[in-house]
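Shown next, in structure tokens, is the structure this report addresses.
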Amino acid sequence: MPELDPVIHAEARLRALTMLNEVGESNSIAFTKLRAMLEMTAGNLSTHLRKLEDAGYIVVTKTIEGRSPATYLGISPEGRLAYARYRKALQELLATPQLSEAP
């Protein structure tokens with residue numbers, strides 16, 4: 001039976017990584033935009049993004065725009081590969097025949 005990556009498997013991290021995968025490796029998205037798209041609090045999203053960053057799945061870039069700090073997020077090559085493996089494992093798991101109850 002295929003194993004699902006526990007770093008990605010949490011719903012919030014799966015949703016975040018899915019969005020970043022759609023943006024692509026060469027692009028990034030502002031933290032505030034991702035937070036709004038996922039309808040998450042800043043603190044909750046930050047906690048989940050830290051786990052993805054610690055695993056090497058995302059790249060976090062902090063800059064100053066005008067006088068305000070800005071954070072941008074992107075998927076790393078390792079993150080794209082881990083996401084593809086996760087999707088494949090999930091598809092295999094869902095395709096596995098289930099044991100039916102005996103009559």
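Naming scheme: A, B, ... for chains in displayed order of the structure tokens; residues 1 onward per chain; ligands 1 onward as shown.
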Check your understanding: Which of chain A counts as strand (DSSP E) under DSSP, as an NGL selection string please?
Key -> :A and (29-30 or 58-65 or 68-75)
Using only C-alpha atoms, which protein or nucleic acid residues come within 12 Å of range 40-44 of chain A? Drop anything in the same chain fewer than 3 positions from it, and give the result as a PDB file with all heavy atoms, in the first residue's frame.
ATOM      1  N   GLU A  11      -4.362  18.789   5.790  1.00  0.00           N
ATOM      2  CA  GLU A  11      -5.204  19.498   4.820  1.00  0.00           C
ATOM      3  C   GLU A  11      -4.676  20.886   4.455  1.00  0.00           C
ATOM      4  O   GLU A  11      -4.588  21.243   3.274  1.00  0.00           O
ATOM      5  CB  GLU A  11      -6.640  19.626   5.335  1.00  0.00           C
ATOM      6  CG  GLU A  11      -7.534  20.368   4.368  1.00  0.00           C
ATOM      7  CD  GLU A  11      -8.909  20.680   4.916  1.00  0.00           C
ATOM      8  OE1 GLU A  11      -9.237  20.250   6.034  1.00  0.00           O
ATOM      9  OE2 GLU A  11      -9.642  21.386   4.204  1.00  0.00           O
ATOM     10  N   ALA A  12      -4.310  21.672   5.436  1.00  0.00           N
ATOM     11  CA  ALA A  12      -3.843  23.036   5.168  1.00  0.00           C
ATOM     12  C   ALA A  12      -2.563  23.029   4.334  1.00  0.00           C
ATOM     13  O   ALA A  12      -2.406  23.839   3.411  1.00  0.00           O
ATOM     14  CB  ALA A  12      -3.624  23.785   6.475  1.00  0.00           C
ATOM     15  N   ARG A  13      -1.652  22.113   4.625  1.00  0.00           N
ATOM     16  CA  ARG A  13      -0.404  22.049   3.861  1.00  0.00           C
ATOM     17  C   ARG A  13      -0.650  21.522   2.456  1.00  0.00           C
ATOM     18  O   ARG A  13      -0.037  21.992   1.493  1.00  0.00           O
ATOM     19  CB  ARG A  13       0.624  21.199   4.607  1.00  0.00           C
ATOM     20  CG  ARG A  13       1.089  21.869   5.893  1.00  0.00           C
ATOM     21  CD  ARG A  13       2.292  21.216   6.499  1.00  0.00           C
ATOM     22  NE  ARG A  13       2.092  19.880   7.010  1.00  0.00           N
ATOM     23  CZ  ARG A  13       1.703  19.596   8.247  1.00  0.00           C
ATOM     24  NH1 ARG A  13       1.462  20.570   9.116  1.00  0.00           N
ATOM     25  NH2 ARG A  13       1.563  18.354   8.630  1.00  0.00           N
ATOM     26  N   ARG A  15      -3.416  21.961   0.712  1.00  0.00           N
ATOM     27  CA  ARG A  15      -4.043  23.063  -0.022  1.00  0.00           C
ATOM     28  C   ARG A  15      -3.004  24.109  -0.415  1.00  0.00           C
ATOM     29  O   ARG A  15      -2.983  24.597  -1.546  1.00  0.00           O
ATOM     30  CB  ARG A  15      -5.145  23.695   0.820  1.00  0.00           C
ATOM     31  CG  ARG A  15      -6.344  22.763   1.010  1.00  0.00           C
ATOM     32  CD  ARG A  15      -7.387  23.311   1.958  1.00  0.00           C
ATOM     33  NE  ARG A  15      -7.884  24.595   1.506  1.00  0.00           N
ATOM     34  CZ  ARG A  15      -8.207  25.599   2.322  1.00  0.00           C
ATOM     35  NH1 ARG A  15      -8.111  25.456   3.638  1.00  0.00           N
ATOM     36  NH2 ARG A  15      -8.654  26.736   1.846  1.00  0.00           N
ATOM     37  N   ALA A  16      -2.111  24.460   0.511  1.00  0.00           N
ATOM     38  CA  ALA A  16      -1.077  25.464   0.225  1.00  0.00           C
ATOM     39  C   ALA A  16      -0.126  24.974  -0.863  1.00  0.00           C
ATOM     40  O   ALA A  16       0.181  25.709  -1.808  1.00  0.00           O
ATOM     41  CB  ALA A  16      -0.302  25.804   1.499  1.00  0.00           C
ATOM     42  N   PHE A  31       2.387  36.186   0.363  1.00  0.00           N
ATOM     43  CA  PHE A  31       1.783  35.522   1.523  1.00  0.00           C
ATOM     44  C   PHE A  31       0.343  35.987   1.713  1.00  0.00           C
ATOM     45  O   PHE A  31      -0.553  35.177   1.941  1.00  0.00           O
ATOM     46  CB  PHE A  31       2.609  35.804   2.784  1.00  0.00           C
ATOM     47  CG  PHE A  31       1.996  35.274   4.043  1.00  0.00           C
ATOM     48  CD1 PHE A  31       2.254  33.975   4.457  1.00  0.00           C
ATOM     49  CD2 PHE A  31       1.156  36.066   4.811  1.00  0.00           C
ATOM     50  CE1 PHE A  31       1.681  33.479   5.620  1.00  0.00           C
ATOM     51  CE2 PHE A  31       0.588  35.581   5.980  1.00  0.00           C
ATOM     52  CZ  PHE A  31       0.850  34.280   6.378  1.00  0.00           C
ATOM     53  N   THR A  32       0.115  37.293   1.621  1.00  0.00           N
ATOM     54  CA  THR A  32      -1.228  37.836   1.860  1.00  0.00           C
ATOM     55  C   THR A  32      -2.232  37.324   0.833  1.00  0.00           C
ATOM     56  O   THR A  32      -3.384  37.058   1.169  1.00  0.00           O
ATOM     57  CB  THR A  32      -1.209  39.375   1.851  1.00  0.00           C
ATOM     58  OG1 THR A  32      -0.582  39.830   0.650  1.00  0.00           O
ATOM     59  CG2 THR A  32      -0.447  39.920   3.044  1.00  0.00           C
ATOM     60  N   LYS A  33      -1.788  37.172  -0.408  1.00  0.00           N
ATOM     61  CA  LYS A  33      -2.683  36.656  -1.449  1.00  0.00           C
ATOM     62  C   LYS A  33      -2.998  35.183  -1.198  1.00  0.00           C
ATOM     63  O   LYS A  33      -4.152  34.762  -1.314  1.00  0.00           O
ATOM     64  CB  LYS A  33      -2.066  36.850  -2.830  1.00  0.00           C
ATOM     65  CG  LYS A  33      -2.994  36.442  -3.946  1.00  0.00           C
ATOM     66  CD  LYS A  33      -2.454  36.842  -5.298  1.00  0.00           C
ATOM     67  CE  LYS A  33      -3.468  36.485  -6.370  1.00  0.00           C
ATOM     68  NZ  LYS A  33      -3.056  36.925  -7.691  1.00  0.00           N
ATOM     69  N   LEU A  34      -1.975  34.390  -0.868  1.00  0.00           N
ATOM     70  CA  LEU A  34      -2.197  32.975  -0.580  1.00  0.00           C
ATOM     71  C   LEU A  34      -3.118  32.821   0.625  1.00  0.00           C
ATOM     72  O   LEU A  34      -4.031  31.998   0.612  1.00  0.00           O
ATOM     73  CB  LEU A  34      -0.865  32.267  -0.326  1.00  0.00           C
ATOM     74  CG  LEU A  34      -0.950  30.766  -0.060  1.00  0.00           C
ATOM     75  CD1 LEU A  34      -1.501  30.020  -1.271  1.00  0.00           C
ATOM     76  CD2 LEU A  34       0.416  30.215   0.326  1.00  0.00           C
ATOM     77  N   ARG A  35      -2.896  33.630   1.659  1.00  0.00           N
ATOM     78  CA  ARG A  35      -3.740  33.570   2.855  1.00  0.00           C
ATOM     79  C   ARG A  35      -5.195  33.838   2.498  1.00  0.00           C
ATOM     80  O   ARG A  35      -6.095  33.123   2.931  1.00  0.00           O
ATOM     81  CB  ARG A  35      -3.259  34.578   3.898  1.00  0.00           C
ATOM     82  CG  ARG A  35      -4.019  34.483   5.213  1.00  0.00           C
ATOM     83  CD  ARG A  35      -3.718  35.640   6.122  1.00  0.00           C
ATOM     84  NE  ARG A  35      -4.096  36.931   5.566  1.00  0.00           N
ATOM     85  CZ  ARG A  35      -5.349  37.364   5.438  1.00  0.00           C
ATOM     86  NH1 ARG A  35      -6.348  36.637   5.806  1.00  0.00           N
ATOM     87  NH2 ARG A  35      -5.583  38.553   4.925  1.00  0.00           N
ATOM     88  N   ALA A  36      -5.436  34.836   1.674  1.00  0.00           N
ATOM     89  CA  ALA A  36      -6.800  35.166   1.272  1.00  0.00           C
ATOM     90  C   ALA A  36      -7.418  34.054   0.423  1.00  0.00           C
ATOM     91  O   ALA A  36      -8.586  33.699   0.611  1.00  0.00           O
ATOM     92  CB  ALA A  36      -6.825  36.484   0.508  1.00  0.00           C
ATOM     93  N   MET A  37      -6.634  33.495  -0.487  1.00  0.00           N
ATOM     94  CA  MET A  37      -7.142  32.427  -1.357  1.00  0.00           C
ATOM     95  C   MET A  37      -7.513  31.184  -0.553  1.00  0.00           C
ATOM     96  O   MET A  37      -8.493  30.510  -0.862  1.00  0.00           O
ATOM     97  CB  MET A  37      -6.105  32.079  -2.424  1.00  0.00           C
ATOM     98  CG  MET A  37      -5.894  33.203  -3.428  1.00  0.00           C
ATOM     99  SD  MET A  37      -4.453  32.934  -4.486  1.00  0.00           S
ATOM    100  CE  MET A  37      -5.011  31.597  -5.499  1.00  0.00           C
ATOM    101  N   THR A  47       2.285  28.717  10.380  1.00  0.00           N
ATOM    102  CA  THR A  47       2.686  27.464  11.028  1.00  0.00           C
ATOM    103  C   THR A  47       2.830  26.342  10.006  1.00  0.00           C
ATOM    104  O   THR A  47       3.819  25.599  10.015  1.00  0.00           O
ATOM    105  CB  THR A  47       1.657  27.070  12.105  1.00  0.00           C
ATOM    106  OG1 THR A  47       1.616  28.105  13.085  1.00  0.00           O
ATOM    107  CG2 THR A  47       2.012  25.752  12.766  1.00  0.00           C
ATOM    108  N   HIS A  48       1.877  26.228   9.107  1.00  0.00           N
ATOM    109  CA  HIS A  48       1.919  25.162   8.097  1.00  0.00           C
ATOM    110  C   HIS A  48       3.014  25.424   7.062  1.00  0.00           C
ATOM    111  O   HIS A  48       3.689  24.488   6.622  1.00  0.00           O
ATOM    112  CB  HIS A  48       0.551  25.005   7.438  1.00  0.00           C
ATOM    113  CG  HIS A  48      -0.442  24.381   8.353  1.00  0.00           C
ATOM    114  ND1 HIS A  48      -0.378  23.058   8.737  1.00  0.00           N
ATOM    115  CD2 HIS A  48      -1.519  24.895   8.978  1.00  0.00           C
ATOM    116  CE1 HIS A  48      -1.372  22.783   9.556  1.00  0.00           C
ATOM    117  NE2 HIS A  48      -2.081  23.890   9.723  1.00  0.00           N
ATOM    118  N   LEU A  49       3.203  26.677   6.697  1.00  0.00           N
ATOM    119  CA  LEU A  49       4.259  27.000   5.742  1.00  0.00           C
ATOM    120  C   LEU A  49       5.635  26.708   6.318  1.00  0.00           C
ATOM    121  O   LEU A  49       6.544  26.295   5.589  1.00  0.00           O
ATOM    122  CB  LEU A  49       4.160  28.460   5.306  1.00  0.00           C
ATOM    123  CG  LEU A  49       2.943  28.818   4.449  1.00  0.00           C
ATOM    124  CD1 LEU A  49       2.908  30.314   4.189  1.00  0.00           C
ATOM    125  CD2 LEU A  49       2.929  28.031   3.141  1.00  0.00           C
ATOM    126  N   ARG A  50       5.800  26.900   7.611  1.00  0.00           N
ATOM    127  CA  ARG A  50       7.093  26.606   8.254  1.00  0.00           C
ATOM    128  C   ARG A  50       7.426  25.120   8.106  1.00  0.00           C
ATOM    129  O   ARG A  50       8.570  24.750   7.826  1.00  0.00           O
ATOM    130  CB  ARG A  50       7.053  27.010   9.723  1.00  0.00           C
ATOM    131  CG  ARG A  50       8.309  26.676  10.533  1.00  0.00           C
ATOM    132  CD  ARG A  50       9.583  27.289   9.983  1.00  0.00           C
ATOM    133  NE  ARG A  50       9.454  28.716   9.814  1.00  0.00           N
ATOM    134  CZ  ARG A  50       9.994  29.628  10.587  1.00  0.00           C
ATOM    135  NH1 ARG A  50      10.758  29.260  11.586  1.00  0.00           N
ATOM    136  NH2 ARG A  50       9.816  30.897  10.350  1.00  0.00           N
ATOM    137  N   LYS A  51       6.435  24.249   8.269  1.00  0.00           N
ATOM    138  CA  LYS A  51       6.678  22.810   8.113  1.00  0.00           C
ATOM    139  C   LYS A  51       7.071  22.476   6.672  1.00  0.00           C
ATOM    140  O   LYS A  51       7.964  21.654   6.444  1.00  0.00           O
ATOM    141  CB  LYS A  51       5.456  22.010   8.540  1.00  0.00           C
ATOM    142  CG  LYS A  51       5.216  22.078  10.038  1.00  0.00           C
ATOM    143  CD  LYS A  51       4.256  21.008  10.481  1.00  0.00           C
ATOM    144  CE  LYS A  51       3.984  21.093  11.961  1.00  0.00           C
ATOM    145  NZ  LYS A  51       5.061  20.601  12.781  1.00  0.00           N
ATOM    146  N   THR A  71       6.329  39.115   2.088  1.00  0.00           N
ATOM    147  CA  THR A  71       6.795  37.734   2.032  1.00  0.00           C
ATOM    148  C   THR A  71       6.219  37.075   0.789  1.00  0.00           C
ATOM    149  O   THR A  71       5.012  37.163   0.536  1.00  0.00           O
ATOM    150  CB  THR A  71       6.357  36.957   3.286  1.00  0.00           C
ATOM    151  OG1 THR A  71       6.890  37.617   4.441  1.00  0.00           O
ATOM    152  CG2 THR A  71       6.843  35.522   3.258  1.00  0.00           C
TER     153      THR A  71
END
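Nearest-residue note for Glu3 in chain A: choosing from A:Leu52, A:Pro97, A:Thr18, A:Gln91, the minimum distance belongs to A:Gln91, counting only C-alpha atoms.
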Practice item. Could you give me, as a ChimeraX atom specification, each residue of chain A that DSSP assigns to alpha helix (DSSP H) when run on this structure's backbone? Key: /A:6-9,11-23,31-38,42-54,77-95
Practice item. Grab the CA of Pro6 in chain A to CA of Asn27 in chain A distance for me, in Å with one decimal place. Key: 25.3 Å
Exercise for review: Tell me which protein, DNA and RNA residues are within 12 Å of Pro2 in chain A, counting only C-alpha atoms, leaving out same-chain ones fewer than 5 positions away, and put them as a ChimeraX atom specification.
Suggested key: /A:85-96
